[in-house]
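Participant: If you scroll down you'll find the structure; I have some questions about it.
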Amino acid sequence: MHAFFEATNHYFQQAAAILGLSDNMRVLLETPERELRVEVAIELDSGQIGNFIGYRVQHDNARGPFKGGLRYHPTVDEDEARSLASLMTWKTAVVDIPFGGGKGGVNCDPNSLSRAEVERITRRFTQQIHDFIGPDKDIPAPDVGTDAQVMAWIANEYSKFHGHHPAVVTGKPVELHGSLGRESATGHGVAVVTREYLRLARDRPVDGITVAVQGFGNVGSFTARELADMGAKVVAVSDAYGAVCNPDGLDIPALQQHAAAHRKVVGFPGGQAATNEHLLTTEVDVLIPAALGGVFDAKLAAEVRAGAIVEAANSPTWPEADEVFQRRGIAVIPDILANAGGVIVSYFEWVQNLQHFRWSIEQVRAEQDRRHVESVAAVLDLARRQGVSLRTAAFVLGIQRVGRAKVLAGI
């Protein structure tokens, strides 16, 4: 079993070597600023006491307040939070928004809890960490197992201690100071990044390419929908229960309706049943992992038959798999570049909250797309000039910006 933080650090060290960073600077940049571990005890619906552990890792705030998701999942622990917090530091820097990196969550299984229990966990967790978050300190957002409703509860609980500050979290419901375009932001961004990569690196349009998407939650479903709208053929989609495929292309709007009604893609009449493993080794132009991390190991990487991989999930590729992809000439568009749409529009939501002013969806989309177009071009250019992979180039760009901010501010 790998450690996620170790894997993230491996990529960090590769880029640090290219940048020629001193040992002192490496330690400074990789060490989290603060790690919180709190008890989240609530009364369950049964009357029993439920005891959960919550985490918040604040990695780096040289470029702005800590920023990053909260996940409710049985795998949440310090190692995962530490890894994802550092990824957020580099991600916000790569797309050049004025935030640092943070991450956290509660070790629980929201699927086995009632909505009322999830609310009690959320409010209790907020009570435990409210002094360490805030619009100018640390701004959480939704992640795996959390949603706009959870953010609304956090904002409400936070306001009991600090007054009305909707900018304390992003990804809120639009009716409660959320931003238009936030829910679809990550998926929309993955589609735009895919389009820009194909245009700049392959001189190909999206129209007519074949795509397989692993994971059909928020990110996977919006990614599939947007790529299909751009003319791509989405030939396979999977979730935790199985996969469906259709070589002529799946009807994504119909699949979304099916998934909403049945809570899974399995049984969709417009495609044949398949396994998740089959999807990951299907011959396609673009493979998009949009589920949890740690998907590709060296063995699976040797069997992948995709022209390019666009990482919509965080940390789907272990370092040894990354080396296999490089050897085989399969381009990997890394998570810190590919899935930054969510944090970009979170930034816009934060700005709107601070301005007490709402942007139109057109303004949100135009600004988001501009950031993606610029960051993809910058990473591709750096990769070409340095002769390195896109992942290493993205890390180099992010680390350069964070390191520069640290040096300019002084310790």
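Going by the structure tokens order, chains are called A, B, ..., each with residues numbered from 1, while ligands are numbered from 1 in the order shown.
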List as CSV every residue of range 118-200 of chain A that is in contact with range 363-367 of chain A, defined as an atom at most 12 Å from one of its atoms (using only C-alpha atoms), together with the nearest atom pair and the distance in Å rounded to one decimal, sorted by chain and then rising number.

Facilitator:
residue,atom,partner,partner_atom,distance
A:Ser179,CA,A:Val364,CA,8.4
A:Leu180,CA,A:Val364,CA,7.3
A:Gly181,CA,A:Val364,CA,6.8
A:Arg182,CA,A:Val364,CA,8.8
A:Ser184,CA,A:Arg365,CA,10.4
A:Ala185,CA,A:Arg365,CA,8.6
A:Thr186,CA,A:Arg365,CA,11.7
A:His188,CA,A:Arg365,CA,9.1
A:Gly189,CA,A:Arg365,CA,9.6
A:Val192,CA,A:Arg365,CA,10.8

Participant: Write out the residues from the selection above, keeping C-alpha atoms, as a tab-separated table (two decimals), in the first residue's frame.

Facilitator:
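Everything below was put into selection_15.tsv:
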chain	number	residue	atom	x	y	z
A	179	SER	CA	-21.64	31.25	-7.68
A	180	LEU	CA	-23.33	30.38	-10.93
A	181	GLY	CA	-21.28	27.73	-12.76
A	182	ARG	CA	-19.61	26.36	-9.60
A	184	SER	CA	-20.22	22.16	-13.17
A	185	ALA	CA	-16.89	24.02	-12.88
A	186	THR	CA	-14.50	21.08	-12.46
A	188	HIS	CA	-16.30	21.99	-17.55
A	189	GLY	CA	-12.63	22.70	-16.88
A	192	VAL	CA	-11.70	22.71	-21.84

Participant: Can you pull out the residues contacting Gln58 in chain A? Cut-off 7 Å, using only C-alpha atoms, and skip same-chain residues under 2 positions away; I want them as a ChimeraX atom specification.

Facilitator: /A:32-35,56,60,66,85,101-103

Participant: Since we have the selection now, will you write its residues out, keeping N, CA and C atoms, as a compact mmCIF listing (two decimals), in the first residue's frame?

Facilitator:
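Once written, again38.txt looks like this:
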# COMPACT_ATOMS: atom_id res chain seq x y z
N PRO A 32 3.83 20.95 5.82
CA PRO A 32 2.57 21.67 6.07
C PRO A 32 2.72 22.66 7.23
N GLU A 33 2.02 23.77 7.12
CA GLU A 33 2.09 24.82 8.15
C GLU A 33 1.36 24.41 9.43
N ARG A 34 0.21 23.73 9.27
CA ARG A 34 -0.56 23.33 10.44
C ARG A 34 -1.38 22.09 10.11
N GLU A 35 -1.51 21.18 11.08
CA GLU A 35 -2.35 20.00 10.90
C GLU A 35 -3.28 19.88 12.11
N ARG A 56 -7.96 18.70 9.25
CA ARG A 56 -7.73 19.82 8.34
C ARG A 56 -6.23 20.07 8.29
N ASP A 60 0.23 25.50 2.83
CA ASP A 60 1.05 26.68 2.51
C ASP A 60 0.15 27.87 2.20
N PHE A 66 -5.31 29.58 2.82
CA PHE A 66 -5.39 28.16 2.49
C PHE A 66 -6.73 27.90 1.78
N ALA A 85 -3.59 18.46 0.40
CA ALA A 85 -3.34 19.87 0.75
C ALA A 85 -2.15 20.40 -0.04
N GLY A 101 -2.73 26.14 -0.19
CA GLY A 101 -3.34 24.81 -0.25
C GLY A 101 -3.77 24.31 1.12
N GLY A 102 -4.98 23.75 1.17
CA GLY A 102 -5.48 23.10 2.38
C GLY A 102 -6.35 21.93 1.98
N LYS A 103 -6.60 21.02 2.90
CA LYS A 103 -7.49 19.90 2.62
C LYS A 103 -7.89 19.25 3.93

Participant: To one decimal place in Å, what is the distance between CA of Leu397 in chain A and CA of Glu362 in chain A?

Facilitator: 28.8 Å

Participant: Just the strand (DSSP E) stuff from range 280-406 of chain A, please, per backbone DSSP, written as number ranges by chain.

Facilitator: A: 284-289, 306-310, 331-333

Participant: Give me a file of those residues, with N, CA, C and O atoms, as an mmCIF file, in the first residue's frame.

Facilitator:
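This is the output file result29.cif:
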data_model
loop_
_atom_site.group_PDB
_atom_site.id
_atom_site.type_symbol
_atom_site.label_atom_id
_atom_site.label_comp_id
_atom_site.auth_asym_id
_atom_site.auth_seq_id
_atom_site.Cartn_x
_atom_site.Cartn_y
_atom_site.Cartn_z
ATOM 1 N N VAL A 284 -8.969 4.045 -26.598
ATOM 2 C CA VAL A 284 -9.617 5.351 -26.815
ATOM 3 C C VAL A 284 -8.543 6.415 -27.035
ATOM 4 O O VAL A 284 -7.369 6.205 -26.721
ATOM 5 N N ASP A 285 -8.981 7.557 -27.566
ATOM 6 C CA ASP A 285 -8.044 8.682 -27.721
ATOM 7 C C ASP A 285 -7.714 9.290 -26.357
ATOM 8 O O ASP A 285 -6.574 9.637 -26.080
ATOM 9 N N VAL A 286 -8.749 9.438 -25.521
ATOM 10 C CA VAL A 286 -8.563 10.079 -24.216
ATOM 11 C C VAL A 286 -9.246 9.257 -23.118
ATOM 12 O O VAL A 286 -10.429 8.920 -23.233
ATOM 13 N N LEU A 287 -8.484 8.933 -22.067
ATOM 14 C CA LEU A 287 -9.030 8.238 -20.896
ATOM 15 C C LEU A 287 -9.057 9.238 -19.736
ATOM 16 O O LEU A 287 -8.051 9.903 -19.462
ATOM 17 N N ILE A 288 -10.209 9.336 -19.082
ATOM 18 C CA ILE A 288 -10.359 10.319 -18.007
ATOM 19 C C ILE A 288 -10.716 9.636 -16.695
ATOM 20 O O ILE A 288 -11.871 9.251 -16.473
ATOM 21 N N PRO A 289 -9.733 9.454 -15.783
ATOM 22 C CA PRO A 289 -10.072 8.954 -14.452
ATOM 23 C C PRO A 289 -10.712 10.100 -13.650
ATOM 24 O O PRO A 289 -10.083 11.143 -13.451
ATOM 25 N N ALA A 306 -4.843 4.042 -24.202
ATOM 26 C CA ALA A 306 -5.360 5.374 -24.512
ATOM 27 C C ALA A 306 -4.229 6.237 -25.050
ATOM 28 O O ALA A 306 -3.068 6.037 -24.691
ATOM 29 N N GLY A 307 -4.578 7.169 -25.924
ATOM 30 C CA GLY A 307 -3.557 8.069 -26.460
ATOM 31 C C GLY A 307 -3.092 9.080 -25.428
ATOM 32 O O GLY A 307 -1.937 9.484 -25.395
ATOM 33 N N ALA A 308 -4.034 9.509 -24.564
ATOM 34 C CA ALA A 308 -3.714 10.490 -23.517
ATOM 35 C C ALA A 308 -4.613 10.242 -22.314
ATOM 36 O O ALA A 308 -5.719 9.711 -22.449
ATOM 37 N N ILE A 309 -4.116 10.607 -21.136
ATOM 38 C CA ILE A 309 -4.893 10.492 -19.901
ATOM 39 C C ILE A 309 -5.059 11.890 -19.326
ATOM 40 O O ILE A 309 -4.075 12.629 -19.182
ATOM 41 N N VAL A 310 -6.292 12.254 -19.031
ATOM 42 C CA VAL A 310 -6.567 13.558 -18.425
ATOM 43 C C VAL A 310 -7.080 13.304 -17.003
ATOM 44 O O VAL A 310 -8.150 12.733 -16.818
ATOM 45 N N ALA A 331 0.663 10.538 -23.046
ATOM 46 C CA ALA A 331 0.690 11.834 -22.352
ATOM 47 C C ALA A 331 -0.280 11.810 -21.180
ATOM 48 O O ALA A 331 -1.393 11.315 -21.307
ATOM 49 N N VAL A 332 0.165 12.334 -20.030
ATOM 50 C CA VAL A 332 -0.711 12.454 -18.865
ATOM 51 C C VAL A 332 -0.863 13.935 -18.537
ATOM 52 O O VAL A 332 0.115 14.615 -18.225
ATOM 53 N N ILE A 333 -2.088 14.428 -18.647
ATOM 54 C CA ILE A 333 -2.364 15.817 -18.257
ATOM 55 C C ILE A 333 -2.681 15.766 -16.777
ATOM 56 O O ILE A 333 -3.693 15.196 -16.365
#

Participant: Residues at most 12 Å from Val144 in chain A, counting only C-alpha atoms, excluding those fewer than 2 positions away in the same chain, as a ChimeraX atom specification?

Facilitator: /A:68-76,103-111,141-142,146-148,150,215,217-219,290-293,313-314

Participant: Do you know which residues are at most 8 Å from range 16-28 of chain A counting only C-alpha atoms, after dropping those on the same chain fewer than 6 positions away, and could you put them as number ranges by chain?

Facilitator: A: 396, 399-400, 403

Participant: Put those residues in a file: N, CA, C and O atoms, as a short mmCIF file (atom, residue, chain, number, x, y, z; two decimals), in the first residue's frame.

Facilitator:
data_model
loop_
_atom_site.label_atom_id
_atom_site.label_comp_id
_atom_site.auth_asym_id
_atom_site.auth_seq_id
_atom_site.Cartn_x
_atom_site.Cartn_y
_atom_site.Cartn_z
N VAL A 396 6.85 22.18 -11.69
CA VAL A 396 7.90 23.21 -11.77
C VAL A 396 7.27 24.60 -11.75
O VAL A 396 7.70 25.49 -10.99
N ILE A 399 5.70 25.27 -8.21
CA ILE A 399 6.72 25.43 -7.16
C ILE A 399 7.48 26.74 -7.35
O ILE A 399 7.79 27.44 -6.38
N GLN A 400 7.75 27.09 -8.61
CA GLN A 400 8.43 28.37 -8.89
C GLN A 400 7.64 29.54 -8.32
O GLN A 400 8.19 30.42 -7.66
N GLY A 403 7.54 29.34 -4.40
CA GLY A 403 8.88 29.63 -3.88
C GLY A 403 9.21 31.11 -3.99
O GLY A 403 9.75 31.72 -3.05
#

Participant: May I ask which of the residues A:Gly270, A:Leu113, A:Asn339, A:Asp239 is the closest one to Thr223 in chain A, counting only C-alpha atoms?

Facilitator: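 So, comparing all the options, the nearest one is A:Asn339.
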
Participant: Once DSSP has gone over the backbone, tell me which residues of range 183-394 of chain A are in alpha helix (DSSP H), as a PyMOL selection string.

Facilitator: chain A and resi 185-197+218-229+252-262+276-280+298-303+319-328+335-338+341-355+361-386+390-394

Participant: Write out as a PyMOL selection string which residues come within 7 Å of range 259-266 of chain A when counting only C-alpha atoms, dropping same-chain ones fewer than 5 positions away.

Facilitator: chain A and resi 238-239+241-244+273

Participant: With N, CA, C and O atoms kept, could you save the residues just selected as an mmCIF file, in the first residue's frame?

Facilitator:
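So the final result, stored in again15.cif, reads:
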data_model
loop_
_atom_site.group_PDB
_atom_site.id
_atom_site.type_symbol
_atom_site.label_atom_id
_atom_site.label_comp_id
_atom_site.auth_asym_id
_atom_site.auth_seq_id
_atom_site.Cartn_x
_atom_site.Cartn_y
_atom_site.Cartn_z
ATOM 1 N N SER A 238 -17.984 4.532 -16.286
ATOM 2 C CA SER A 238 -18.157 3.592 -15.167
ATOM 3 C C SER A 238 -18.402 4.345 -13.866
ATOM 4 O O SER A 238 -18.129 5.550 -13.769
ATOM 5 N N ASP A 239 -18.924 3.624 -12.876
ATOM 6 C CA ASP A 239 -19.009 4.138 -11.510
ATOM 7 C C ASP A 239 -18.640 2.985 -10.572
ATOM 8 O O ASP A 239 -18.119 1.960 -11.017
ATOM 9 N N TYR A 241 -20.271 0.726 -9.307
ATOM 10 C CA TYR A 241 -21.037 -0.524 -9.476
ATOM 11 C C TYR A 241 -20.746 -1.265 -10.776
ATOM 12 O O TYR A 241 -21.124 -2.412 -10.940
ATOM 13 N N GLY A 242 -20.094 -0.587 -11.727
ATOM 14 C CA GLY A 242 -19.825 -1.234 -13.015
ATOM 15 C C GLY A 242 -19.724 -0.200 -14.121
ATOM 16 O O GLY A 242 -19.680 1.006 -13.854
ATOM 17 N N ALA A 243 -19.701 -0.675 -15.369
ATOM 18 C CA ALA A 243 -19.505 0.229 -16.506
ATOM 19 C C ALA A 243 -20.507 -0.066 -17.617
ATOM 20 O O ALA A 243 -21.080 -1.154 -17.679
ATOM 21 N N VAL A 244 -20.724 0.924 -18.464
ATOM 22 C CA VAL A 244 -21.492 0.718 -19.701
ATOM 23 C C VAL A 244 -20.660 1.251 -20.855
ATOM 24 O O VAL A 244 -19.945 2.236 -20.705
ATOM 25 N N ALA A 273 -23.151 -3.765 -20.857
ATOM 26 C CA ALA A 273 -22.520 -3.821 -19.530
ATOM 27 C C ALA A 273 -21.045 -4.181 -19.681
ATOM 28 O O ALA A 273 -20.668 -4.953 -20.562
#

Participant: Just want the 10 Å neighbourhood of Arg195 in chain A, counted on only C-alpha atoms, with same-chain residues fewer than 6 positions away dropped. Output as a list in words.

Facilitator: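 Close residues of Arg195 in chain A: Gly189, Arg204, Pro205, Val206, Asp207, Leu227, Met230, Ala232 and Val373 of chain A.
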
Participant: One decimal, in Å: what's the spacing between CA of Met151 in chain A and CA of Val169 in chain A?

Facilitator: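 These atoms are spaced 6.3 Å apart.
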
Participant: Of the residues A:Thr89, A:Glu183, A:Glu39, A:Gly329, which is the one nearest to Ala62 in chain A, using only C-alpha atoms?

Facilitator: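 Nearest candidate to Ala62 in chain A out of A:Thr89, A:Glu183, A:Glu39, A:Gly329: A:Thr89.
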
Participant: So that I can see what lies close to Glu117 in chain A, please list as a list in words the residues with an atom at most 12 Å from it, counting only C-alpha atoms and leaving out residues fewer than 5 positions away in the same chain.

Facilitator: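 Counting only the stated atoms, we get Val40, Ala41, Ile42, Glu43, Leu44, Asp45, Ser46, Gly47, Gln48, Ile49, Gly50, Asn51, Phe52, Cys108, Asp109, Pro110, Asn111, Ser112, Thr122, Arg123, Arg124 and Val150 of chain A.
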